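A.B. asks: Following this line is final.tsv, made up of TSV, C-alpha atoms:
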chain	number	residue	atom	x	y	z
Y	711	MET	CA	-101.53	-48.30	-28.32
Y	712	LYS	CA	-98.31	-46.39	-27.57
Y	713	PRO	CA	-99.64	-42.89	-28.41
Y	714	HIS	CA	-102.77	-43.64	-26.37
Y	715	THR	CA	-100.69	-44.77	-23.38
Y	716	LEU	CA	-98.45	-41.71	-23.51
Y	717	SER	CA	-101.44	-39.39	-23.79
Y	718	ALA	CA	-103.10	-41.02	-20.80
Y	719	PHE	CA	-99.93	-40.72	-18.76
Y	720	ASP	CA	-99.52	-37.04	-19.63
Y	721	ARG	CA	-103.13	-36.34	-18.75
Y	722	ASP	CA	-102.91	-38.10	-15.40
Y	723	LEU	CA	-99.59	-36.47	-14.53
Y	724	GLU	CA	-100.93	-33.02	-15.39
Y	725	ALA	CA	-103.84	-33.54	-13.00
Y	726	ILE	CA	-101.40	-34.43	-10.23
Y	727	ARG	CA	-99.23	-31.42	-11.05
Y	728	LEU	CA	-102.27	-29.16	-10.63
Y	729	ASN	CA	-102.80	-30.66	-7.18
Y	730	VAL	CA	-99.18	-29.88	-6.33
Y	731	LEU	CA	-99.70	-26.26	-7.38
Y	732	THR	CA	-102.80	-26.03	-5.20
Y	733	MET	CA	-100.84	-27.48	-2.30
Y	734	GLY	CA	-98.10	-24.95	-2.98
Y	735	GLY	CA	-100.63	-22.14	-2.70
Y	736	HIS	CA	-101.62	-23.36	0.77
Y	737	VAL	CA	-97.95	-23.48	1.79
Y	738	GLU	CA	-97.24	-20.00	0.47
Y	739	ALA	CA	-100.19	-18.63	2.46
Y	740	ALA	CA	-99.05	-20.48	5.59
Y	741	ILE	CA	-95.57	-18.95	5.43
Y	742	MET	CA	-96.89	-15.42	4.93
Y	743	ASN	CA	-99.56	-15.77	7.63
Y	744	ALA	CA	-97.12	-17.22	10.15
Y	745	ALA	CA	-94.74	-14.31	9.62
Y	746	ARG	CA	-97.58	-11.79	9.84
Y	747	ALA	CA	-98.88	-13.40	13.04
Y	748	LEU	CA	-95.40	-13.12	14.52
Y	749	GLU	CA	-95.02	-9.43	13.66
Y	750	GLN	CA	-98.56	-8.46	14.65
Y	751	ARG	CA	-98.58	-10.73	17.72
Y	752	ASP	CA	-101.78	-12.30	16.40
Y	753	GLU	CA	-102.39	-15.51	18.31
Y	754	ASP	CA	-105.58	-16.37	16.41
Y	755	LEU	CA	-103.85	-16.15	13.03
Y	756	ALA	CA	-100.98	-18.26	14.36
Y	757	ALA	CA	-103.49	-20.91	15.47
Y	758	GLN	CA	-105.02	-20.92	11.99
Y	759	VAL	CA	-101.58	-21.63	10.51
Y	760	VAL	CA	-101.03	-24.52	12.92
Y	761	GLN	CA	-104.44	-26.04	12.16
Y	762	GLY	CA	-104.07	-25.43	8.43
Y	763	ASP	CA	-101.03	-27.68	8.30
Y	764	LYS	CA	-103.40	-30.65	8.38
Y	765	VAL	CA	-104.67	-29.63	4.94
Y	766	ILE	CA	-101.10	-29.54	3.63
Y	767	ASP	CA	-100.31	-32.96	5.11
Y	768	ALA	CA	-103.46	-34.45	3.58
Y	769	ALA	CA	-102.57	-32.96	0.19
Y	770	GLU	CA	-99.14	-34.58	0.25
Y	771	GLU	CA	-100.63	-37.97	1.13
Y	772	GLU	CA	-103.15	-37.74	-1.70
Y	773	ILE	CA	-100.50	-36.67	-4.23
Y	774	ASN	CA	-98.24	-39.55	-3.20
Y	775	ASN	CA	-101.13	-41.99	-3.60
Y	776	GLN	CA	-101.92	-40.56	-7.03
Y	777	VAL	CA	-98.30	-40.91	-8.17
Y	778	VAL	CA	-98.15	-44.51	-6.94
Y	779	ARG	CA	-101.33	-45.33	-8.85
Y	780	LEU	CA	-99.96	-43.60	-11.94
Y	781	LEU	CA	-96.73	-45.59	-11.82
Y	782	ALA	CA	-98.62	-48.86	-11.33
Y	783	LEU	CA	-101.12	-48.25	-14.12
Y	784	ARG	CA	-98.97	-46.55	-16.75
Y	785	GLN	CA	-95.54	-48.06	-16.00
Y	786	PRO	CA	-93.59	-45.12	-17.46
Y	787	HIS	CA	-89.98	-45.26	-18.54
Y	788	ALA	CA	-87.02	-42.85	-18.60
Y	789	ASP	CA	-88.13	-39.20	-18.81
Y	790	ASP	CA	-91.74	-39.95	-17.84
Y	791	LEU	CA	-90.64	-41.87	-14.77
Y	792	ARG	CA	-88.31	-39.03	-13.76
Y	793	ALA	CA	-91.14	-36.52	-14.09
Y	794	ALA	CA	-93.50	-38.61	-11.95
Y	795	VAL	CA	-90.93	-39.11	-9.19
Y	796	ALA	CA	-90.09	-35.38	-9.24
Y	797	VAL	CA	-93.75	-34.56	-8.58
Y	798	MET	CA	-93.69	-36.78	-5.49
Y	799	LYS	CA	-90.48	-35.15	-4.29
Y	800	MET	CA	-91.97	-31.71	-4.84
Y	801	ALA	CA	-94.93	-32.61	-2.65
Y	802	GLY	CA	-92.52	-33.74	0.04
Y	803	GLU	CA	-90.62	-30.44	-0.06
Y	804	LEU	CA	-93.89	-28.52	0.22
Y	805	GLU	CA	-95.03	-30.61	3.18
Y	806	ARG	CA	-91.80	-29.82	5.04
Y	807	LEU	CA	-92.21	-26.13	4.23
Y	808	GLY	CA	-95.65	-26.33	5.83
Y	809	ASP	CA	-94.12	-27.91	8.93
Y	810	TYR	CA	-91.71	-25.00	9.32
Y	811	ALA	CA	-94.55	-22.50	8.96
Y	812	LYS	CA	-96.49	-24.44	11.60
Y	813	ASN	CA	-93.49	-24.36	13.93
Y	814	MET	CA	-93.28	-20.59	13.48
Y	815	GLY	CA	-96.96	-20.30	14.37
Y	816	LYS	CA	-96.46	-22.38	17.52
Y	817	ARG	CA	-93.86	-19.92	18.81
Y	818	VAL	CA	-96.13	-16.87	18.47
Y	819	PRO	CA	-98.02	-17.38	21.79
Y	820	ILE	CA	-94.71	-17.87	23.60
Y	821	LEU	CA	-93.22	-14.68	22.19
Y	822	ILE	CA	-96.34	-12.64	22.95
Y	823	ASN	CA	-95.60	-13.19	26.63
Y	824	ALA	CA	-91.84	-12.64	26.35
Y	825	PRO	CA	-89.88	-9.36	26.35
Y	826	MET	CA	-90.19	-7.66	22.97
Y	827	ILE	CA	-87.05	-7.28	20.87
Y	828	GLU	CA	-87.44	-4.13	18.82
Y	829	GLY	CA	-87.44	-4.83	15.06
Y	830	ALA	CA	-86.90	-8.59	15.37
Y	831	ALA	CA	-90.34	-9.79	14.27
Y	832	GLY	CA	-90.43	-7.33	11.38
Y	833	ALA	CA	-87.03	-8.52	10.16
Y	834	LEU	CA	-88.15	-12.14	10.33
Y	835	ARG	CA	-91.26	-11.27	8.34
Y	836	ARG	CA	-89.08	-9.70	5.65
Y	837	GLN	CA	-86.90	-12.81	5.65
Y	838	ALA	CA	-90.02	-14.97	5.27
Y	839	ARG	CA	-91.25	-12.71	2.46
Y	840	LEU	CA	-88.03	-13.40	0.55
Y	841	VAL	CA	-88.74	-17.12	0.83
Y	842	GLY	CA	-92.39	-16.59	-0.09
Y	843	HIS	CA	-91.39	-14.83	-3.30
Y	844	MET	CA	-88.93	-17.61	-4.08
Y	845	LEU	CA	-91.67	-20.19	-3.53
Y	846	LYS	CA	-94.12	-18.34	-5.77
Y	847	ASP	CA	-91.58	-18.21	-8.59
Y	848	MET	CA	-90.58	-21.83	-8.04
Y	849	LEU	CA	-94.23	-22.87	-8.39
Y	850	ASP	CA	-94.51	-20.78	-11.55
Y	851	ALA	CA	-91.40	-22.50	-12.88
Y	852	PHE	CA	-92.92	-25.86	-11.97
Y	853	ALA	CA	-96.17	-25.01	-13.77
Y	854	ARG	CA	-94.29	-24.12	-16.96
Y	855	MET	CA	-91.28	-26.41	-16.45
Y	856	ASP	CA	-89.13	-23.30	-16.84
Y	857	ALA	CA	-85.52	-24.17	-16.05
Y	858	GLU	CA	-84.28	-20.58	-16.34
Y	859	LEU	CA	-86.75	-19.29	-13.79
Y	860	ALA	CA	-85.81	-22.22	-11.55
Y	861	ARG	CA	-82.16	-21.16	-11.79
Y	862	ASP	CA	-83.10	-17.62	-10.84
Y	863	VAL	CA	-84.86	-18.96	-7.74
Y	864	ILE	CA	-81.74	-20.90	-6.76
Y	865	THR	CA	-79.50	-17.83	-6.97
Y	866	ARG	CA	-81.81	-15.86	-4.67
Y	867	ASP	CA	-81.37	-18.32	-1.80
Y	868	VAL	CA	-78.03	-16.63	-1.07
Y	869	GLU	CA	-79.93	-13.51	0.01
Y	870	VAL	CA	-81.91	-15.58	2.52
Y	871	ASP	CA	-78.69	-17.10	3.87
Y	872	ASP	CA	-77.11	-13.68	4.17
Y	873	MET	CA	-80.02	-12.27	6.11
Y	874	THR	CA	-80.01	-15.29	8.43
Y	875	ASN	CA	-76.36	-14.71	9.29
Y	876	ALA	CA	-77.01	-11.03	9.95
Y	877	LEU	CA	-79.97	-11.82	12.19
Y	878	PHE	CA	-77.94	-14.31	14.20
Y	879	ARG	CA	-75.35	-11.63	14.95
Y	880	GLU	CA	-78.04	-9.16	15.98
Y	881	PHE	CA	-79.76	-11.65	18.29
Y	882	ILE	CA	-76.48	-12.59	19.93
Y	883	THR	CA	-75.82	-8.89	20.57
Y	884	HIS	CA	-79.23	-8.49	22.23
Y	885	MET	CA	-78.59	-11.52	24.45
Y	886	MET	CA	-75.23	-10.17	25.55
Y	887	GLU	CA	-76.71	-6.76	26.37
Y	888	ASP	CA	-79.48	-8.05	28.64
Y	889	PRO	CA	-79.98	-11.59	30.01
Y	890	ARG	CA	-83.76	-11.03	29.86
Y	891	ASN	CA	-83.45	-11.10	26.09
Y	892	ILE	CA	-82.01	-14.60	26.01
Y	893	THR	CA	-85.32	-16.50	25.92
Y	894	PRO	CA	-87.04	-14.47	23.17
Y	895	CYS	CA	-83.85	-14.22	21.13
Y	896	LEU	CA	-83.35	-17.98	21.21
Y	897	HIS	CA	-86.86	-18.38	19.80
Y	898	TYR	CA	-86.06	-15.79	17.12
Y	899	VAL	CA	-82.86	-17.64	16.26
Y	900	PHE	CA	-84.80	-20.88	15.77
Y	901	ILE	CA	-87.37	-19.09	13.61
Y	902	ALA	CA	-84.65	-17.46	11.48
Y	903	LYS	CA	-82.99	-20.84	11.03
Y	904	ASN	CA	-86.33	-22.41	10.06
Y	905	ILE	CA	-86.91	-19.71	7.46
Y	906	GLU	CA	-83.39	-20.27	6.12
Y	907	ARG	CA	-84.21	-23.95	5.86
Y	908	MET	CA	-87.39	-23.05	3.97
Y	909	GLY	CA	-85.20	-21.31	1.40
Y	910	ASP	CA	-83.17	-24.48	1.04
Y	911	LEU	CA	-86.31	-26.54	0.47
Y	912	VAL	CA	-87.55	-24.14	-2.20
Y	913	THR	CA	-84.12	-24.40	-3.81
Y	914	HIS	CA	-84.36	-28.19	-3.79
Y	915	GLY	CA	-87.70	-27.90	-5.58
Y	916	ALA	CA	-86.14	-25.64	-8.21
Y	917	GLU	CA	-83.34	-28.14	-8.67
Y	918	GLN	CA	-85.93	-30.86	-9.35
Y	919	ILE	CA	-87.37	-28.73	-12.15
Y	920	ILE	CA	-83.95	-28.44	-13.78
Y	921	PHE	CA	-83.36	-32.16	-13.41
Y	922	VAL	CA	-86.67	-33.02	-15.08
Y	923	THR	CA	-86.37	-30.53	-17.93
Y	924	GLU	CA	-82.66	-31.03	-18.69
Y	925	GLY	CA	-81.87	-34.47	-17.30
Y	926	ARG	CA	-79.03	-33.14	-15.15
Y	927	HIS	CA	-78.60	-31.64	-11.73
Y	928	ALA	CA	-78.27	-27.89	-11.16
Y	929	GLU	CA	-74.82	-26.45	-10.60
Y	930	PRO	CA	-73.69	-26.35	-6.93
Y	931	ARG	CA	-74.29	-23.03	-5.22
Y	932	GLU	CA	-72.22	-21.24	-2.60
Y	933	LYS	CA	-73.58	-20.13	0.75
Y	934	GLY	CA	-73.66	-16.36	1.10
Y	935	HIS	CA	-72.20	-13.95	3.61
Y	936	SER	CA	-73.70	-10.63	4.62
Y	937	THR	CA	-72.97	-7.46	6.51
Y	938	ALA	CA	-76.69	-6.56	6.69
Y	939	THR	CA	-78.36	-5.52	9.95
Y	940	ILE	CA	-81.60	-6.52	11.57
Y	941	ALA	CA	-83.43	-3.97	9.45
Y	942	GLY	CA	-83.01	-6.33	6.52
Y	943	PRO	CA	-83.53	-5.46	2.88
Y	944	LYS	CA	-85.71	-2.50	1.99
Y	945	GLU	CA	-89.36	-3.20	1.19
Could I get this structure in the form of structure tokens?

C.D. replies:
Amino acid sequence: MKPHTLSAFDRDLEAIRLNVLTMGGHVEAAIMNAARALEQRDEDLAAQVVQGDKVIDAAEEEINNQVVRLLALRQPHADDLRAAVAVMKMAGELERLGDYAKNMGKRVPILINAPMIEGAAGALRRQARLVGHMLKDMLDAFARMDAELARDVITRDVEVDDMTNALFREFITHMMEDPRNITPCLHYVFIAKNIERMGDLVTHGAEQIIFVTEGRHAEPREKGHSTATIAGPKE
């Protein structure tokens, strides 16, 4: 009976993990589309991101229900229990990432009607692209339970933090130069902070992978500091 039970648990958990990866694909697209809508001032695309968040929310609810059923039916212990709980936590991180993408989309119509800050939306899109690449690699690490790739993802969050700090300084400069820039720059500051928070959530997901595969938490990381400008990293 024991081999049969373990096989059934692994099979059920793998099915749930595939659902998490599908959910992650929706989140990755939401982040990229929200950033593109911001740069291209595309209100229709922004609305699609906002509406699409319902799909992400529904996916998290279904994954949570599946994990609860798995725990009730299979009653796993030790490593298996840790793996099942990590899947639920991963879904929660992805749902919050979707919320931040939705919030970015909601600000697009406001910024379309506000004074344009040269280069700001493009820099935020590059910042979001950094997070999108981190998310893609984190999902790959999750699919393969690759702790080394997860560690690489964690180290790259410093670059997101650095760019956030640089953007804050640039936006403050614009606000000091012209009071008309205050409203749009405050929105850009909130967006930059949301993207920085996305990087943190991706990092938390990577840390879960390390915890499951190695049974210990990832090493603490330091927040970065940057002298970069609004132009951001080169494409």

A.B. asks: Looking at all atoms listed in the file, which of Y:Met873, Y:Ile827, Y:Ala853, Y:Val778 is the one that sits closest to Leu731 of chain Y?

C.D. replies: Y:Ala853

A.B. asks: Would you mind listing what lies within 7 Å of Thr923 of chain Y as a ChimeraX atom specification, with all atoms listed in the file counted and same-chain residues fewer than 2 positions away left out?

C.D. replies: /Y:855,857,919-921,925

A.B. asks: Rounded to one decimal in Å, what is the spacing between atom CA of Ala769 of chain Y and atom CA of Ala811 of chain Y?

C.D. replies: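 Distance reported for this atom pair: 15.8 Å.
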
A.B. asks: Can you measure atom CA of Met733 of chain Y to atom CA of Ile766 of chain Y for me? One decimal in Å is fine.

C.D. replies: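 If I compute the distance from atom CA of Met733 of chain Y to atom CA of Ile766 of chain Y, I get 6.3 Å.
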
A.B. asks: In terms of the shortest atom-to-atom distance over only C-alpha atoms, which of Y:Arg746, Y:Arg835, Y:Lys816, Y:Arg792 is closest to Glu924 of chain Y?

C.D. replies: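 So, comparing all the options, the nearest one is Y:Arg792.
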
A.B. asks: Report, in Å to a single decimal, how far apart atom CA of Glu738 of chain Y and atom CA of Gln837 of chain Y are.

C.D. replies: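 Pair atom CA of Gln837 of chain Y / atom CA of Glu738 of chain Y returns 13.6 Å.
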